[in-house]
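> Below is the structure I would like to discuss, written out as structure tokens.
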Amino acid sequence: MATRVLLSIGTKKGLFVAEAAKSRGRFALRGPFGPGVAVYAGLIDTRATPRIYASSCNAFFGMKVLRSTDLGKTFKETKSAPAFAKDDGRALANIWSLEPGDDKKGLWCGVEPAALFRSGDGGDSWEMVAGISNHEHARKWQPGNGGLCMHTILRDGKRVHLGISTGGHYLSEDGGQTFSAANKGVGAGFLPDPNPEFGQCVHKMARHADAPGRLYMQNHGGFPDHPGIGVLRSDDHGKTWKSISKGLPSDFGFPMVVHPHDADTVYVLPLDPATRTCPGASPGVWRSENGGDSWQKLAKGLPKKESYFTVLRDAMDLDDLASPALYFGTTTGQLWIGRDGGERWDCLFDALPPINCVKVAVV
Amino acid sequence: MDRPASAQDEVSTASILVHVPSQLRDYCSGASELAISGTDLLTVLAEIESRYPALHRNICDETGAVRRHVNLFVNTHHIRDLNGLDTPLSPGDVVTVLPAVSGG
């Protein structure tokens, strides 16, 4: 029986783990693991005995994957990290996403430069997924400010959705054998053709597992000449997209998460496109309870002014308790909890290193 | 029939001492120094890859390039001031692997 709430917090200076009872009162912090090394991706895999995985982006010695089998009390490197073949010409620069694979030890991993890898043994060995990694478009994708990263992997049976910055959204309907660009309605305000087949700067995608046909996308918005392209929804498994940004203070942002018990409830954290900080220096998570048709700001307990932090693409998550809590981490090292679905915010930790990613699980 | 040893064979079995920084010793059973055969840096790295593949992955990326923030020295000279990975080595030469200094 699940009794604890576990947070994996990837920072510029290593991985932290925070743990609390289900009441989510006091969170105890431990770490940093992989000290001094930036962590951009995390996964708390609860399919069997819980395992925590984290990327460890060592600027000196290359990428590592860290694994814990004791709820984040200790971490060890897996036997290997994803790597391109010697004659491929590409070299791994970062790991941006870790997701559960087909069986209990299966993992999928999105990397920089944008490519997809799979492991069948909990991260000890990896194979590249050629269908997307060697896609005819792959050598035409361009890096965004964060690098050319594959940051989102969503799976639904034989369907696989991938989010690439900048590459766009790619869809497989054969379990990852082949992929097609699926960006109809996804704009690219930074290209001469604002509606290209591919090359969009997708920031994050999300969906509810029980409603896989409905997907949400935080795209790179903030273009006055192309209003509304930043926050999108698809109701046909990602084949076409439409804007749902009306009512938001900005259509620019990075993270996007869906309520664990309601596929129509989605959360974004709008940012000013120029500074990539909270609009009006007044942060808030914005919630829609009708699939993006209307939005409501959730900011009770958050600073009302003079607040200039950024929340990165993987730095917001939700637990799946009956009344779920949201969590987000800031580039200024604060970890916030939004109780009752974001109605009441408290700062759990206010002086961590800059936070890249936050994952939560009830274990 | 056995071939007589040549001067080239003697050179090829020459021992080069490779200093391993503390951060990487877990990848070579804790050794701080390795005796490696080779006639130039490339062959030394190839031997390291063969004997200690995990150690090699920390020094070089998949393309075989030395990682950007790893410095290699032959005796006291940085390999960028020599012939890079083609720098010839002589018996008794010392190769030192060091992470670059950084901060922030």
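In the structure tokens, chains take letters A, B, ... by order of appearance, with residues numbered from 1 within each chain and ligands from 1 in the order shown.
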Using only C-alpha atoms, find the residues of chain B whose closest atom to chain A is at most 6 Å away, then write them as a PyMOL selection string.

chain B and resi 58+62-63+69-70

> Those selected residues, please, written with N, CA and C atoms and delivered as a short mmCIF file (atom, residue, chain, number, x, y, z; two decimals), in the first residue's frame.


```cif
data_model
loop_
_atom_site.label_atom_id
_atom_site.label_comp_id
_atom_site.auth_asym_id
_atom_site.auth_seq_id
_atom_site.Cartn_x
_atom_site.Cartn_y
_atom_site.Cartn_z
N ASN B 58 34.66 7.82 -20.53
CA ASN B 58 34.77 9.06 -19.77
C ASN B 58 35.79 10.02 -20.38
N GLU B 62 31.60 9.15 -28.29
CA GLU B 62 31.38 8.03 -29.22
C GLU B 62 32.16 8.17 -30.51
N THR B 63 32.47 9.42 -30.89
CA THR B 63 33.17 9.62 -32.15
C THR B 63 34.67 9.39 -32.01
N HIS B 69 36.09 18.93 -22.06
CA HIS B 69 36.63 19.42 -20.80
C HIS B 69 37.57 18.42 -20.14
N VAL B 70 38.13 17.54 -20.97
CA VAL B 70 39.17 16.64 -20.48
C VAL B 70 40.47 17.04 -21.17
#
```

> List every residue of segment 145-277 of chain A that DSSP, applied to the backbone of this structure, assigns to strand (DSSP E or B), and report them as number ranges by chain.

A: 147, 149-156, 159-165, 167-172, 180-181, 184, 200, 202-206, 215-219, 231-234, 240, 242-243, 253-258, 266-270

> Kindly export the residues of the current selection with N, CA and C atoms, as a short mmCIF file (atom, residue, chain, number, x, y, z; two decimals), in the first residue's frame.


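The resulting file, part_19.cif, is shown below:
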```cif
data_model
loop_
_atom_site.label_atom_id
_atom_site.label_comp_id
_atom_site.auth_asym_id
_atom_site.auth_seq_id
_atom_site.Cartn_x
_atom_site.Cartn_y
_atom_site.Cartn_z
N GLY A 147 19.30 23.44 -26.62
CA GLY A 147 19.93 22.34 -27.34
C GLY A 147 18.90 21.61 -28.17
N CYS A 149 16.88 18.86 -28.42
CA CYS A 149 16.55 17.84 -27.43
C CYS A 149 15.22 17.14 -27.71
N MET A 150 15.21 15.85 -27.43
CA MET A 150 13.96 15.09 -27.43
C MET A 150 13.51 15.00 -25.97
N HIS A 151 12.49 15.81 -25.65
CA HIS A 151 12.14 16.01 -24.25
C HIS A 151 10.85 15.32 -23.82
N THR A 152 10.02 14.92 -24.79
CA THR A 152 8.74 14.33 -24.42
C THR A 152 8.56 12.99 -25.12
N ILE A 153 8.19 11.98 -24.34
CA ILE A 153 7.85 10.66 -24.88
C ILE A 153 6.52 10.27 -24.25
N LEU A 154 5.49 10.15 -25.08
CA LEU A 154 4.18 9.71 -24.59
C LEU A 154 3.80 8.45 -25.35
N ARG A 155 3.39 7.42 -24.63
CA ARG A 155 3.11 6.14 -25.28
C ARG A 155 1.70 5.69 -24.95
N ASP A 156 1.07 5.10 -25.96
CA ASP A 156 -0.30 4.62 -25.83
C ASP A 156 -0.43 3.43 -26.76
N ARG A 159 0.93 3.55 -30.31
CA ARG A 159 1.21 4.96 -30.61
C ARG A 159 2.33 5.49 -29.73
N VAL A 160 3.23 6.22 -30.34
CA VAL A 160 4.31 6.89 -29.62
C VAL A 160 4.35 8.33 -30.09
N HIS A 161 4.23 9.26 -29.16
CA HIS A 161 4.35 10.68 -29.48
C HIS A 161 5.70 11.17 -28.96
N LEU A 162 6.40 11.92 -29.78
CA LEU A 162 7.68 12.50 -29.36
C LEU A 162 7.63 14.01 -29.54
N GLY A 163 8.17 14.73 -28.59
CA GLY A 163 8.31 16.18 -28.70
C GLY A 163 9.78 16.53 -28.82
N ILE A 164 10.10 17.32 -29.84
CA ILE A 164 11.49 17.66 -30.12
C ILE A 164 11.61 19.17 -30.27
N SER A 165 12.61 19.72 -29.63
CA SER A 165 12.90 21.15 -29.76
C SER A 165 14.30 21.31 -30.35
N GLY A 167 12.14 20.40 -33.60
CA GLY A 167 11.89 19.38 -34.60
C GLY A 167 10.38 19.23 -34.77
N GLY A 168 9.66 19.45 -33.64
CA GLY A 168 8.22 19.37 -33.67
C GLY A 168 7.70 18.12 -33.01
N HIS A 169 6.49 17.73 -33.39
CA HIS A 169 5.83 16.54 -32.85
C HIS A 169 5.91 15.43 -33.89
N TYR A 170 6.33 14.26 -33.45
CA TYR A 170 6.40 13.09 -34.33
C TYR A 170 5.56 11.98 -33.73
N LEU A 171 4.87 11.28 -34.61
CA LEU A 171 3.93 10.24 -34.18
C LEU A 171 4.28 8.92 -34.86
N SER A 172 4.33 7.89 -34.04
CA SER A 172 4.44 6.52 -34.56
C SER A 172 3.15 5.80 -34.23
N SER A 180 6.15 9.76 -38.27
CA SER A 180 5.83 10.84 -39.20
C SER A 180 5.68 12.14 -38.42
N ALA A 181 6.08 13.23 -39.05
CA ALA A 181 5.83 14.53 -38.44
C ALA A 181 4.33 14.77 -38.41
N LYS A 184 0.24 19.60 -37.94
CA LYS A 184 -0.78 20.44 -38.58
C LYS A 184 -1.43 21.32 -37.52
N GLN A 200 9.19 22.79 -35.71
CA GLN A 200 8.61 23.61 -34.65
C GLN A 200 9.40 23.42 -33.34
N VAL A 202 8.68 22.71 -30.10
CA VAL A 202 7.74 22.20 -29.09
C VAL A 202 8.45 22.21 -27.73
N HIS A 203 7.77 22.76 -26.73
CA HIS A 203 8.40 22.82 -25.41
C HIS A 203 8.00 21.65 -24.52
N LYS A 204 6.74 21.23 -24.58
CA LYS A 204 6.30 20.10 -23.76
C LYS A 204 4.96 19.61 -24.27
N MET A 205 4.68 18.34 -24.05
CA MET A 205 3.38 17.77 -24.39
C MET A 205 2.89 16.95 -23.21
N ALA A 206 1.57 16.83 -23.09
CA ALA A 206 0.99 16.08 -21.97
C ALA A 206 -0.35 15.52 -22.39
N LEU A 215 -4.49 15.39 -26.66
CA LEU A 215 -3.15 15.80 -26.25
C LEU A 215 -3.08 17.31 -26.11
N TYR A 216 -2.21 17.74 -25.24
CA TYR A 216 -1.96 19.17 -25.05
C TYR A 216 -0.50 19.45 -25.38
N MET A 217 -0.27 20.65 -25.88
CA MET A 217 1.11 21.02 -26.25
C MET A 217 1.41 22.44 -25.81
N GLN A 218 2.53 22.61 -25.12
CA GLN A 218 3.11 23.94 -24.92
C GLN A 218 4.15 24.11 -26.01
N ASN A 219 3.81 24.93 -26.98
CA ASN A 219 4.69 25.21 -28.10
C ASN A 219 5.40 26.54 -27.84
N VAL A 231 -0.06 27.56 -27.04
CA VAL A 231 -0.75 26.55 -26.21
C VAL A 231 -1.82 25.90 -27.09
N LEU A 232 -1.71 24.60 -27.25
CA LEU A 232 -2.49 23.90 -28.27
C LEU A 232 -3.11 22.62 -27.71
N ARG A 233 -4.13 22.15 -28.43
CA ARG A 233 -4.77 20.88 -28.07
C ARG A 233 -5.05 20.09 -29.34
N SER A 234 -4.95 18.79 -29.22
CA SER A 234 -5.34 17.90 -30.31
C SER A 234 -6.38 16.93 -29.79
N THR A 240 -3.92 16.75 -35.76
CA THR A 240 -4.16 18.17 -35.97
C THR A 240 -4.25 18.86 -34.61
N LYS A 242 -5.12 22.71 -32.41
CA LYS A 242 -5.76 24.04 -32.43
C LYS A 242 -5.38 24.81 -31.17
N SER A 243 -5.42 26.12 -31.29
CA SER A 243 -5.00 26.97 -30.17
C SER A 243 -6.02 26.92 -29.04
N GLY A 253 5.72 29.56 -22.55
CA GLY A 253 5.94 28.84 -21.31
C GLY A 253 6.66 27.54 -21.60
N PHE A 254 6.94 26.82 -20.59
CA PHE A 254 7.63 25.54 -20.77
C PHE A 254 6.81 24.35 -20.26
N PRO A 255 6.50 24.24 -18.98
CA PRO A 255 5.87 23.01 -18.50
C PRO A 255 4.38 22.95 -18.79
N MET A 256 3.86 21.75 -18.80
CA MET A 256 2.43 21.52 -19.01
C MET A 256 2.12 20.14 -18.42
N VAL A 257 1.13 20.07 -17.54
CA VAL A 257 0.77 18.78 -16.95
C VAL A 257 -0.75 18.63 -16.94
N VAL A 258 -1.19 17.39 -16.91
CA VAL A 258 -2.63 17.08 -16.92
C VAL A 258 -3.00 16.47 -15.57
N VAL A 266 -6.03 20.79 -17.24
CA VAL A 266 -4.64 20.92 -17.67
C VAL A 266 -4.06 22.19 -17.03
N TYR A 267 -2.77 22.12 -16.76
CA TYR A 267 -2.09 23.22 -16.08
C TYR A 267 -0.90 23.70 -16.93
N VAL A 268 -0.74 25.01 -17.01
CA VAL A 268 0.44 25.60 -17.64
C VAL A 268 0.99 26.67 -16.71
N LEU A 269 2.18 27.14 -17.01
CA LEU A 269 2.79 28.21 -16.22
C LEU A 269 3.31 29.26 -17.20
N PRO A 270 2.46 30.20 -17.54
CA PRO A 270 2.84 31.17 -18.58
C PRO A 270 4.03 32.02 -18.17
#
```

> So that I can check the surroundings of Thr275 of chain A, please list as a list in words every protein, DNA and RNA residue that reaches within 12 Å of it, counting only C-alpha atoms and ignoring chain neighbours fewer than 3 positions away.

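After dropping sequence-adjacent residues, the list is Gly222, Ser250, Phe252, Gly253, Pro270, Leu271, Asp272, Cys278, Pro279, Gly280, Ala281, Ser307, Tyr308, Phe309, Thr310 and Val311 of chain A.
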
> Go ahead and save the picked residues with N, CA and C atoms, as a compact mmCIF listing (two decimals), in the first residue's frame.


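Output contents, as saved in selection-v7.txt:
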```txt
# COMPACT_ATOMS: atom_id res chain seq x y z
N GLY A 222 4.59 33.41 -28.01
CA GLY A 222 5.14 34.73 -27.71
C GLY A 222 5.49 35.55 -28.94
N SER A 250 0.00 34.93 -21.35
CA SER A 250 1.07 34.75 -22.34
C SER A 250 0.93 33.33 -22.89
N PHE A 252 3.53 31.89 -24.09
CA PHE A 252 4.87 31.32 -23.95
C PHE A 252 4.96 30.61 -22.60
N GLY A 253 5.72 29.56 -22.55
CA GLY A 253 5.94 28.84 -21.31
C GLY A 253 6.66 27.54 -21.60
N PRO A 270 2.46 30.20 -17.54
CA PRO A 270 2.84 31.17 -18.58
C PRO A 270 4.03 32.02 -18.17
N LEU A 271 4.86 32.32 -19.14
CA LEU A 271 6.04 33.16 -18.91
C LEU A 271 6.06 34.28 -19.94
N ASP A 272 6.64 35.39 -19.52
CA ASP A 272 6.82 36.50 -20.45
C ASP A 272 7.84 36.07 -21.52
N CYS A 278 7.93 35.24 -14.92
CA CYS A 278 6.49 35.32 -14.73
C CYS A 278 5.94 36.67 -15.20
N PRO A 279 4.88 36.68 -15.96
CA PRO A 279 4.32 37.95 -16.45
C PRO A 279 3.99 38.89 -15.29
N GLY A 280 4.43 40.13 -15.40
CA GLY A 280 4.16 41.11 -14.35
C GLY A 280 4.89 40.80 -13.06
N ALA A 281 5.89 39.93 -13.14
CA ALA A 281 6.66 39.52 -11.95
C ALA A 281 5.76 38.90 -10.89
N SER A 307 8.87 39.01 -8.57
CA SER A 307 9.28 37.61 -8.64
C SER A 307 9.64 37.28 -10.10
N TYR A 308 10.89 37.00 -10.33
CA TYR A 308 11.38 36.87 -11.71
C TYR A 308 12.01 35.50 -11.97
N PHE A 309 11.33 34.46 -11.57
CA PHE A 309 11.92 33.14 -11.83
C PHE A 309 11.36 32.53 -13.10
N THR A 310 12.05 31.49 -13.55
CA THR A 310 11.63 30.69 -14.70
C THR A 310 11.35 29.27 -14.21
N VAL A 311 10.36 28.64 -14.80
CA VAL A 311 10.10 27.22 -14.52
C VAL A 311 10.31 26.47 -15.84
```

> Just asking: which residues within chain B are helix (DSSP H, G or I) according to DSSP, as an mmCIF file with C-alpha atoms, in the first residue's frame?


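Result file out-v9.cif:
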```
data_model
loop_
_atom_site.group_PDB
_atom_site.id
_atom_site.type_symbol
_atom_site.label_atom_id
_atom_site.label_comp_id
_atom_site.auth_asym_id
_atom_site.auth_seq_id
_atom_site.Cartn_x
_atom_site.Cartn_y
_atom_site.Cartn_z
ATOM 1 C CA ALA B 7 62.715 -2.606 -33.705
ATOM 2 C CA GLN B 8 59.133 -1.667 -34.488
ATOM 3 C CA ASP B 9 57.876 -4.559 -32.350
ATOM 4 C CA GLU B 10 60.005 -3.379 -29.448
ATOM 5 C CA VAL B 11 58.595 0.102 -29.743
ATOM 6 C CA SER B 12 55.060 -1.203 -30.007
ATOM 7 C CA SER B 22 40.739 10.325 -8.843
ATOM 8 C CA GLN B 23 37.292 10.883 -10.372
ATOM 9 C CA LEU B 24 37.854 8.089 -12.892
ATOM 10 C CA ARG B 25 39.573 5.421 -10.827
ATOM 11 C CA ASP B 26 36.338 3.536 -10.185
ATOM 12 C CA TYR B 27 36.307 2.744 -13.901
ATOM 13 C CA CYS B 28 39.679 0.916 -13.749
ATOM 14 C CA LEU B 41 48.226 8.594 -28.087
ATOM 15 C CA LEU B 42 45.701 7.066 -30.441
ATOM 16 C CA THR B 43 46.987 3.560 -29.843
ATOM 17 C CA VAL B 44 47.171 4.154 -26.106
ATOM 18 C CA LEU B 45 43.535 5.257 -26.088
ATOM 19 C CA ALA B 46 42.610 2.241 -28.202
ATOM 20 C CA GLU B 47 44.279 -0.013 -25.661
ATOM 21 C CA ILE B 48 42.428 1.736 -22.844
ATOM 22 C CA GLU B 49 39.174 1.249 -24.753
ATOM 23 C CA SER B 50 39.925 -2.441 -25.100
ATOM 24 C CA ARG B 51 40.909 -3.015 -21.473
ATOM 25 C CA PRO B 53 35.828 0.506 -21.937
ATOM 26 C CA ALA B 54 34.014 2.445 -19.209
ATOM 27 C CA LEU B 55 37.140 4.484 -18.504
ATOM 28 C CA HIS B 56 37.517 5.221 -22.203
ATOM 29 C CA ARG B 57 33.906 6.482 -22.410
ATOM 30 C CA ASN B 58 34.770 9.059 -19.767
ATOM 31 C CA ILE B 59 37.770 10.329 -21.714
ATOM 32 C CA ILE B 79 48.503 17.491 -26.589
ATOM 33 C CA ARG B 80 47.097 20.556 -28.363
ATOM 34 C CA ASP B 81 50.675 21.884 -28.333
ATOM 35 C CA GLY B 84 47.016 15.879 -30.787
ATOM 36 C CA LEU B 85 46.078 12.228 -30.802
ATOM 37 C CA ASP B 86 48.844 11.545 -33.312
#
```

> Which polymer residues have any atom within 12 Å of an atom of Thr330 of chain A, counting only C-alpha atoms, with same-chain residues fewer than 3 positions away left out, as an MDAnalysis selection string?

chainID A and resid 9:12 254:255 269 276:278 283 307:316 327 333:337 347:358

> Just want the 12 Å neighbourhood of Thr46 of chain A, counted on only C-alpha atoms, with same-chain residues fewer than 2 positions away dropped. Output as a PyMOL selection string.

chain A and resi 1-2+5-6+43-44+48-53+69+71+99-100+103-105+360-363

> Would you save the residues of that selection, restricted to C-alpha atoms, as a PDB file, in the first residue's frame?


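Resulting contents of again_0.pdb:
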```
ATOM      1  CA  MET A   1       0.000   0.000   0.000  1.00  0.00           C
ATOM      2  CA  ALA A   2       1.363   3.383  -0.987  1.00  0.00           C
ATOM      3  CA  VAL A   5       5.104  10.890  -1.411  1.00  0.00           C
ATOM      4  CA  LEU A   6       8.472  10.943  -3.130  1.00  0.00           C
ATOM      5  CA  LEU A  43      11.770   9.126 -13.524  1.00  0.00           C
ATOM      6  CA  ILE A  44      10.176   7.485 -10.518  1.00  0.00           C
ATOM      7  CA  ALA A  48       7.263  -2.864  -9.677  1.00  0.00           C
ATOM      8  CA  THR A  49       9.555  -2.244  -6.730  1.00  0.00           C
ATOM      9  CA  PRO A  50       9.984   1.500  -7.127  1.00  0.00           C
ATOM     10  CA  ARG A  51      13.110   2.655  -8.895  1.00  0.00           C
ATOM     11  CA  ILE A  52      14.311   6.199  -9.339  1.00  0.00           C
ATOM     12  CA  TYR A  53      16.280   7.065 -12.448  1.00  0.00           C
ATOM     13  CA  THR A  69      16.410   0.800  -5.798  1.00  0.00           C
ATOM     14  CA  LEU A  71      13.623   4.971  -2.722  1.00  0.00           C
ATOM     15  CA  GLU A  99      10.000   7.091 -19.468  1.00  0.00           C
ATOM     16  CA  PRO A 100       8.831   3.574 -18.597  1.00  0.00           C
ATOM     17  CA  ASP A 103       8.214  -4.378 -19.337  1.00  0.00           C
ATOM     18  CA  LYS A 104       9.176  -3.786 -15.735  1.00  0.00           C
ATOM     19  CA  LYS A 105      12.785  -2.985 -16.518  1.00  0.00           C
ATOM     20  CA  VAL A 360       6.639  12.980  -8.017  1.00  0.00           C
ATOM     21  CA  ALA A 361       5.204   9.585  -7.170  1.00  0.00           C
ATOM     22  CA  VAL A 362       3.189   8.050  -4.361  1.00  0.00           C
ATOM     23  CA  VAL A 363       5.006   4.913  -3.232  1.00  0.00           C
TER      24      VAL A 363
END
```

> Atom CA of Ser323 of chain A and atom CA of Gly341 of chain A are how many Å apart?

6.5 Å

> Name the residues in contact with Ala322 of chain A at a cut-off of 10 Å, using only C-alpha atoms, excluding same-chain residues fewer than 3 positions from it; report them as JSON, numbers by chain.

{"A": [260, 261, 319, 325, 340, 341]}

> Kindly give the distance, in Å, that separates atom CA of Gly14 of chain A and atom CA of Ser102 of chain B, rounded to a single decimal.

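Taking atom CA of Gly14 of chain A and atom CA of Ser102 of chain B, their separation equals 16.2 Å.
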